[in-house]
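The next block holds one structure in the form of structure tokens; read it before the comments.
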Amino acid sequence: MKFTRIGVIGAGTMGNGIVQVFAQAGFSVTMIDVNQTALEQGLGNIGNSLSRLIKKGTLSEADRDATLSRISSDTHLGAVADCQLVVEAATENPQIKEKIFRELATIVPADTILASNTSSISLTTIAAWVPQPQRVIGMHFMNPVPLMQLVEIIRALQTDDATHAAIHALSVTLGKTPVTVKDGAGFVSNRVLMPMINEAAFVLYENLASAEDIDTVMKLGMNHPIGPLALADLIGLDTCLSIMDILYREFRDSKYRACPLLVQLVAAGQLGRKTKKGFYAY
Ligand code: NAD
């Protein structure tokens, strides 16, 4: 499958990073968000990220301008009608994603690949929302997208070999390392990561140590580049809570129950870096 035009749905933390890596790799990208402010912030983030690369000497001004010229943005899903691939990176909420996928299926050609960047929602369930489920796949980028090497590819039960091969090859073209996993709640990355973050929240909730000390134990003791609580703030505490809730629902196992402190921080709108306050203040 040859890709020239790619649509990305959602301009938030992940969406704008995904748009940047596609545009830098030479693809024309249309970024969609229901929120005009999110689109403007997304474009601003991409501009800032490219400027940092110029300062580091790894990108020329001409390449920055060319990258930006390949990006367009819109608040209407219809603007992705001519894309060969759409990557959905909207809010981690099954109702929102179902509406997007059902609508996308009526907009794009029947052979356009529909990928989701979901952290935890079953790809098999997502695939069942569209008439040609064999073209649905998980393309799970890591945060921050331009810097992180991994793309976790998730095959839904329905995904066909051609769709998988195309997304695997595309991930390599982006300079990433793809790892393919089967569909299961949280896949591999969040099945392992999120319970660790949740446990760190419990340790803080039980007042066993400060946030800084918990993170220092994991950084210096376990050689993690960033502590679990700082990482949760980077991911977004609402996203972390959604993932824990999905693991809990899917496995029906109390070991996945979200820490009450995480629930409270989300209820208070303290979502981490994106709201300047979470486990830490920014
Ligand atoms: P975010 O809250 O930063 O951004 C989500 C964006 O989606 C918002 O700008 C919102 O306006 C937009 N949106 C909501 N409904 C929409 C709709 N119907 N159409 C178009 N846009 C819509 O969230 P995020 O952290 O970027 O997460 C996006 C996806 O990526 C989620 O599925 C999440 O699980 C996944 N993910 C997140 C991370 C992370 O570290 N944050 C890592 C990997 C995967």
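In the structure tokens, the first chain shown is A, the next is B, and so on; residue numbers restart at 1 for each chain, and ligands run from 1 in the order shown.
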
Would you name the residues within 8 Å of ligand 1, counting only C-alpha atoms and all ligand atoms, and put them as a count of residues only? 45

Long-range neighbours of Ile246 in chain A as number ranges by chain, 12 Å cut-off, only C-alpha atoms, 4 positions minimum in chain: A: 92-94, 118-122, 184-187, 190-191, 194-195, 239-242, 250-253, 256-258

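Between CA of His76 in chain A and CA of Gly26 in chain A there is a distance of 23.3 Å.
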
Using only C-alpha atoms, which of the listed residues (A:Asp183, A:Asp245, A:Asp161, A:Glu212) sits closest to Met1 in chain A?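 Of the candidates, the smallest distance to Met1 in chain A is held by A:Asp161.
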
Taking 4 positions as the minimum chain separation for residues in the same chain, which residues sit within 6 Å of Ile153 in chain A when counting only C-alpha atoms? Answer as a ChimeraX atom specification. /A:138-139,179-180

For range 197-207 of chain A, find every residue with an atom within 8 Å (counting only C-alpha atoms), except residues of its own chain fewer than 2 positions away, and show them as a PyMOL selection string. chain A and resi 193-195+209-211+214+228-229+232+244+258-262
